[in-house]
Number of protein chains: 2
Amino acid sequence: MRAMARRNYFSTEAFDRSGHLRRDPEWLNARLADTATRLLLLRRSLIPVNSERRLMLVAAVVTDLDHAADGVVFLGLDPDGSAVFAVDVDGDGRADLISVLPEGHTFVELRGAAASLPRDEGHRAAYASAMLTWHRRHRWCGTCGAPTVPDWAGHIRRCTGCGAEHFPRTDPVIIVVVTAGDHCLLGRQAAWPTSMFSALAGFVEPGESLEDAVAREVWEETGVRVSDVVYNSSQPWPFPLSLMLGFHASAGDKPVDVTVDETEIEDARWFTRDELAKGIADGGLTVPPPFSIARTIIDAWLEEGA
Amino acid sequence: MRAMARRNYFSTEAFDRSGHLRRDPEWLNARLADTATRLLLLRRSLIPVNSERRLMLVAAVVTDLDHAADGVVFLGLDPDGSAVFAVDVDGDGRADLISVLPEGHTFVELRGAAASLPRDEGHRAAYASAMLTWHRRHRWCGTCGAPTVPDWAGHIRRCTGCGAEHFPRTDPVIIVVVTAGDHCLLGRQAAWPTSMFSALAGFVEPGESLEDAVAREVWEETGVRVSDVVYNSSQPWPFPLSLMLGFHASAGDKPVDVTVDETEIEDARWFTRDELAKGIADGGLTVPPPFSIARTIIDAWLEEGA
């Protein structure tokens with residue numbers, strides 16, 4: 001039997017990106033002059049929320065925005081047909097845009113706000129944040145060094161020198177709960193609170209499948225060999241540009257010795273299901289928050305044994 | 001029950017990347033002066049093969065290579081402990097390196113050669129090609145426009161202006177066989193031979209899970225809504241820098257009308273299992289070669305009905 005993947009936080013639900021409209025300059029500029037259009041104003045990775053920590057979008061009352069300007073990205077259409085754009089307010093001459101936001105707004109880190117934003121708001125914020133981060137990091141052409149300019153409503157950058165087309169960057173990262181019988185292997189980084197453990201993770205390298213990357217990363221960080229690498233689900237992770245790919249993998253019937261590579265992690269340890277469930281329940285152990293795929297794959301393993 | 005993913009061509013098998021050695025300049029330079037070390041010489045995406053179309057590696061007899069030079073990448077260790085490096089012979093002052101290759105070698109496109117290379121050779125060639133392509137495309141910093149220089153034996157580039165660290169780029173691409181009862185949906189591009197059809201595919205966008213990207217891409221290209229998006233396996237795809245993520249998805253019990261977006265594909269059509277199997281067998285239909293994940297997921301669906 002094949003199981004459908006769980007839909008993780010930050011993912012789409014039902015937002016219509018309408019990719020074909022990205023190449024329609026007239027339609028785009030008409031939308032930017034339409035008060036039904038909604039703007040999501042970002043300051044780098046900071047998002048605007050109201051006093052109830054809900055995402056604030058504003059009407060497109062500012063008519064001098066151009067679809068081809070740097071820091072303006074067409075995100076898609078709301079269910080009512082209204083266009084939604086992301087706008088980097090730290091771009092040239094945009095500081096005034098902040099005055100459009102109603103009183104009581106604050107700019108907060110997306111990661112901290114994610115726990116309180118409804119899923120559809122979390123998705124838009126993640127999508128907008130990743131797009132604007134990509135633009136800030138690709139203003140020059142890596143091939144020839146000339147400036148690049150945005151096109152297709154912010155979904156491509158074109159080199160003014162060699163003409164190369166540059167597309168948004170997304171970095172695949174594997175994240176894995178390694179199991180051995182009734183035990184699972186979790187690790188922790190030195191910068192984390194001392195009670196915190198999570199699934200092992202690392203960037204996929206060129207020339208690797210996801211399954212290869214899982215096996216290599218677990219081996220490098222803990223000296224443990226895994227087999228039966230099984231996909232669970234995926235999650236866009238805009239901190240800054242990642243795509244998390246969640247797995248379970250088996251290291252056999254019972255825990256083997258762990259050799260921690262301290263350049264990568266501070267510690268890695270086997271936990272029984274009971275130990276993990278009780279530690280989470282009584283606060284003795286801290287695991288990543290419910291909106292993270294790390295938690296999805298940890299919980300999936302706990303539930304398997306329930 | 002959870003099924004382990006099939007290992008696709010170009011993926012690792014058992015090559016030891018020894019990532020921790022990338023940051024050891026003395027060890028790296030000693031290896032480049034060691035005749036046990038093997039070099040894989042590439043000319044852009046062309047790889048050297050002998051008359052039997054096997055990948056040719058040469059001994060590191062050229063002692064003036066430096067681990068920190070542009071176009072030199074430490075790939076890993078052979079099973080016998082020998083180091084393997086990729087070298088871009090089209091780099092500055094490297095034309096002479098070609099004379100190191102034995103007579104009878106030719107440089108051929110990796111894609112064309114893949115069918116005849118054993119898996120371990122296919123993996124190295126794919127890994128090397130992707131790394132060298134990444135270097136050629138990231139010689140300037142996208143954030144500030146200053147030149148970048150390689151470090152960690154070619155596994156990172158550092159900006160000489162703002163100090164930003166740039167890591168290899170890998171673009172996630174979903175590829176999916178959509179099914180409806182005993183039918184599957186395949187599409188074709190205008191540039192392909194007229195008898196050729198394949199699985200639908202497209203780049204994952206920022207803010208999307210893999211499952212979101214599958215649903216969006218199928219909807220955009222064919223107007224078909226899918227559910228039950230199920231992962232099959234993955235494949236590094238160095239043409240030039242992709243990572244293919246293979247899925248099956250269901251469009252219900254029976255085929256629905258298809259509305260082809262001709263800016264993306266030329267045609268898309270439902271095939272029965274019989275039609276597809278017979279077309280492949282008698283040559284009336286062309287599907288991608290056995291080394292591609294497109295073929296893996298097409299064959300997996302055919303076998304399910306066998």
# chains A, B, ... in the order shown; residues from 1 in each chain; ligands from 1

$ select_by_dssp --residues "segment 137-172 of chain B" --states "strand (DSSP E or B)" --output "PyMOL selection string"
chain B and resi 140+147-151+156-159+165-166+171-172

$ residues_around --residues "segment 23-30 of chain A" --least-positions-apart "4" --cutoff "12 Å" --atoms "only C-alpha atoms" --output "PyMOL selection string"
(chain A and resi 18-19+34-37+60+62-69+72-77+82-85+150-156) or (chain B and resi 263)

$ write_last_selection --atoms "C-alpha atoms" --output "PDB file, in the first residue's frame"
ATOM      1  CA  SER A  18      -1.394  31.635 -11.973  1.00  0.00           C
ATOM      2  CA  GLY A  19       2.047  31.342 -13.494  1.00  0.00           C
ATOM      3  CA  ASP A  34      -6.365  48.108  -8.585  1.00  0.00           C
ATOM      4  CA  THR A  35      -7.438  48.683  -4.970  1.00  0.00           C
ATOM      5  CA  ALA A  36      -8.750  45.095  -4.844  1.00  0.00           C
ATOM      6  CA  THR A  37      -5.121  43.962  -5.126  1.00  0.00           C
ATOM      7  CA  ALA A  60      -2.646  48.451  -3.493  1.00  0.00           C
ATOM      8  CA  VAL A  62       0.145  53.070  -4.044  1.00  0.00           C
ATOM      9  CA  THR A  63      -0.057  53.380  -7.804  1.00  0.00           C
ATOM     10  CA  ASP A  64       3.604  53.996  -8.638  1.00  0.00           C
ATOM     11  CA  LEU A  65       4.627  50.328  -8.183  1.00  0.00           C
ATOM     12  CA  ASP A  66       5.697  48.662 -11.412  1.00  0.00           C
ATOM     13  CA  HIS A  67       5.558  44.919 -12.049  1.00  0.00           C
ATOM     14  CA  ALA A  68       9.110  45.045 -13.455  1.00  0.00           C
ATOM     15  CA  ALA A  69      10.620  46.829 -10.428  1.00  0.00           C
ATOM     16  CA  VAL A  72       8.007  43.407  -6.502  1.00  0.00           C
ATOM     17  CA  VAL A  73       6.799  39.813  -6.928  1.00  0.00           C
ATOM     18  CA  PHE A  74       3.392  38.626  -8.148  1.00  0.00           C
ATOM     19  CA  LEU A  75       2.466  35.784  -5.797  1.00  0.00           C
ATOM     20  CA  GLY A  76      -0.900  34.696  -7.219  1.00  0.00           C
ATOM     21  CA  LEU A  77      -4.669  35.075  -6.897  1.00  0.00           C
ATOM     22  CA  SER A  82      -7.780  39.494  -6.183  1.00  0.00           C
ATOM     23  CA  ALA A  83      -4.100  39.608  -7.065  1.00  0.00           C
ATOM     24  CA  VAL A  84      -1.505  39.356  -4.285  1.00  0.00           C
ATOM     25  CA  PHE A  85       1.986  40.841  -4.583  1.00  0.00           C
ATOM     26  CA  PRO A 150      13.940  41.049 -12.743  1.00  0.00           C
ATOM     27  CA  ASP A 151      11.306  39.974 -15.266  1.00  0.00           C
ATOM     28  CA  TRP A 152       8.117  37.847 -15.280  1.00  0.00           C
ATOM     29  CA  ALA A 153       6.773  39.770 -12.270  1.00  0.00           C
ATOM     30  CA  GLY A 154       9.769  38.787 -10.167  1.00  0.00           C
ATOM     31  CA  HIS A 155       9.963  35.101 -11.125  1.00  0.00           C
ATOM     32  CA  ILE A 156      13.130  35.334 -13.201  1.00  0.00           C
TER      33      ILE A 156
ATOM     34  CA  THR B 263       3.504  27.263 -23.888  1.00  0.00           C
TER      35      THR B 263
END

$ closest_residue --among "B:Arg53, B:His135, B:Arg273, B:His105" --to "Leu241 of chain B" --atoms "only C-alpha atoms"
B:His135

$ residues_around --residues "Phe271 of chain A" --least-positions-apart "3" --cutoff "10 Å" --atoms "only C-alpha atoms" --output "PyMOL selection string"
chain A and resi 179-180+182-186+255+268+274-277+279

$ closest_residue --among "B:Leu245, B:Val177, B:Ala190, B:Val108" --to "Ala300 of chain B" --atoms "only C-alpha atoms"
B:Val177

$ atom_distance --atom1 "atom CA of Asn8 of chain B" --atom2 "atom CA of His123 of chain B"
10.1 Å

$ select_by_dssp --residues "segment 71-245 of chain B" --states "helix (DSSP H, G or I)" --output "ChimeraX atom specification"
/B:95-100,110-113,119-137,152-154,210-222

$ write_last_selection --atoms "N, CA and C atoms" --output "short mmCIF file (atom, residue, chain, number, x, y, z; two decimals), in the first residue's frame"
data_model
loop_
_atom_site.label_atom_id
_atom_site.label_comp_id
_atom_site.auth_asym_id
_atom_site.auth_seq_id
_atom_site.Cartn_x
_atom_site.Cartn_y
_atom_site.Cartn_z
N ALA B 95 45.00 23.48 -20.98
CA ALA B 95 44.82 22.78 -22.25
C ALA B 95 45.79 21.61 -22.38
N ASP B 96 47.01 21.79 -21.83
CA ASP B 96 48.04 20.75 -21.94
C ASP B 96 47.63 19.45 -21.26
N LEU B 97 46.73 19.56 -20.29
CA LEU B 97 46.31 18.37 -19.55
C LEU B 97 45.73 17.30 -20.46
N ILE B 98 45.14 17.73 -21.57
CA ILE B 98 44.51 16.77 -22.47
C ILE B 98 45.53 15.75 -22.99
N SER B 99 46.80 16.21 -23.12
CA SER B 99 47.83 15.29 -23.63
C SER B 99 48.11 14.14 -22.67
N VAL B 100 47.66 14.26 -21.42
CA VAL B 100 47.83 13.19 -20.44
C VAL B 100 46.93 11.99 -20.77
N LEU B 110 27.75 13.66 -21.58
CA LEU B 110 27.39 12.73 -20.52
C LEU B 110 26.03 12.08 -20.79
N ARG B 111 25.07 12.86 -21.27
CA ARG B 111 23.71 12.33 -21.44
C ARG B 111 23.71 11.16 -22.43
N GLY B 112 24.47 11.35 -23.52
CA GLY B 112 24.53 10.29 -24.53
C GLY B 112 25.30 9.08 -24.04
N ALA B 113 26.32 9.32 -23.21
CA ALA B 113 27.19 8.22 -22.76
C ALA B 113 26.56 7.41 -21.64
N ARG B 119 27.30 1.88 -13.58
CA ARG B 119 26.70 2.80 -12.61
C ARG B 119 27.73 3.63 -11.86
N ASP B 120 28.83 3.02 -11.41
CA ASP B 120 29.78 3.80 -10.61
C ASP B 120 30.44 4.89 -11.45
N GLU B 121 30.65 4.61 -12.74
CA GLU B 121 31.23 5.63 -13.62
C GLU B 121 30.20 6.72 -13.92
N GLY B 122 28.96 6.31 -14.13
CA GLY B 122 27.89 7.28 -14.36
C GLY B 122 27.75 8.23 -13.18
N HIS B 123 27.87 7.68 -11.96
CA HIS B 123 27.76 8.52 -10.77
C HIS B 123 28.88 9.56 -10.71
N ARG B 124 30.12 9.11 -10.90
CA ARG B 124 31.24 10.07 -10.82
C ARG B 124 31.13 11.15 -11.88
N ALA B 125 30.77 10.73 -13.08
CA ALA B 125 30.66 11.71 -14.17
C ALA B 125 29.56 12.74 -13.87
N ALA B 126 28.44 12.26 -13.31
CA ALA B 126 27.33 13.17 -12.99
C ALA B 126 27.73 14.15 -11.89
N TYR B 127 28.35 13.62 -10.85
CA TYR B 127 28.81 14.44 -9.71
C TYR B 127 29.82 15.48 -10.20
N ALA B 128 30.81 15.06 -10.97
CA ALA B 128 31.85 15.97 -11.46
C ALA B 128 31.26 17.04 -12.38
N SER B 129 30.39 16.63 -13.28
CA SER B 129 29.80 17.56 -14.24
C SER B 129 28.99 18.63 -13.51
N ALA B 130 28.18 18.22 -12.54
CA ALA B 130 27.36 19.19 -11.80
C ALA B 130 28.25 20.17 -11.02
N MET B 131 29.31 19.67 -10.38
CA MET B 131 30.19 20.55 -9.60
C MET B 131 30.87 21.58 -10.49
N LEU B 132 31.40 21.13 -11.64
CA LEU B 132 32.13 22.07 -12.50
C LEU B 132 31.18 23.07 -13.16
N THR B 133 29.97 22.63 -13.50
CA THR B 133 28.99 23.57 -14.05
C THR B 133 28.67 24.65 -13.01
N TRP B 134 28.46 24.21 -11.77
CA TRP B 134 28.18 25.18 -10.69
C TRP B 134 29.32 26.20 -10.58
N HIS B 135 30.56 25.75 -10.59
CA HIS B 135 31.69 26.70 -10.49
C HIS B 135 31.66 27.72 -11.63
N ARG B 136 31.44 27.25 -12.86
CA ARG B 136 31.46 28.18 -14.00
C ARG B 136 30.37 29.24 -13.88
N ARG B 137 29.26 28.89 -13.21
CA ARG B 137 28.12 29.82 -13.14
C ARG B 137 28.11 30.68 -11.88
N TRP B 152 37.58 24.80 0.27
CA TRP B 152 37.16 23.45 0.64
C TRP B 152 37.24 22.50 -0.57
N ALA B 153 38.36 22.56 -1.28
CA ALA B 153 38.59 21.66 -2.41
C ALA B 153 37.44 21.70 -3.42
N GLY B 154 36.91 22.92 -3.64
CA GLY B 154 35.89 23.10 -4.66
C GLY B 154 34.47 22.88 -4.20
N LEU B 210 6.99 19.37 -2.29
CA LEU B 210 7.03 18.58 -3.53
C LEU B 210 5.63 18.25 -3.99
N GLU B 211 4.76 17.91 -3.03
CA GLU B 211 3.40 17.51 -3.36
C GLU B 211 2.62 18.68 -3.97
N ASP B 212 2.85 19.88 -3.45
CA ASP B 212 2.24 21.09 -4.04
C ASP B 212 2.70 21.27 -5.47
N ALA B 213 4.00 21.09 -5.68
CA ALA B 213 4.58 21.32 -7.01
C ALA B 213 4.01 20.33 -8.02
N VAL B 214 3.81 19.07 -7.59
CA VAL B 214 3.20 18.07 -8.47
C VAL B 214 1.80 18.54 -8.89
N ALA B 215 0.99 18.92 -7.91
CA ALA B 215 -0.39 19.31 -8.20
C ALA B 215 -0.43 20.54 -9.11
N ARG B 216 0.42 21.53 -8.84
CA ARG B 216 0.43 22.75 -9.65
C ARG B 216 0.88 22.47 -11.08
N GLU B 217 1.95 21.69 -11.21
CA GLU B 217 2.52 21.45 -12.53
C GLU B 217 1.53 20.68 -13.43
N VAL B 218 0.88 19.67 -12.87
CA VAL B 218 -0.09 18.88 -13.65
C VAL B 218 -1.27 19.77 -14.04
N TRP B 219 -1.72 20.59 -13.12
CA TRP B 219 -2.84 21.51 -13.41
C TRP B 219 -2.44 22.51 -14.49
N GLU B 220 -1.26 23.11 -14.39
CA GLU B 220 -0.83 24.11 -15.37
C GLU B 220 -0.69 23.51 -16.76
N GLU B 221 -0.09 22.32 -16.83
CA GLU B 221 0.23 21.75 -18.15
C GLU B 221 -0.97 21.08 -18.81
N THR B 222 -1.87 20.51 -18.00
CA THR B 222 -2.94 19.68 -18.59
C THR B 222 -4.34 20.00 -18.10
#
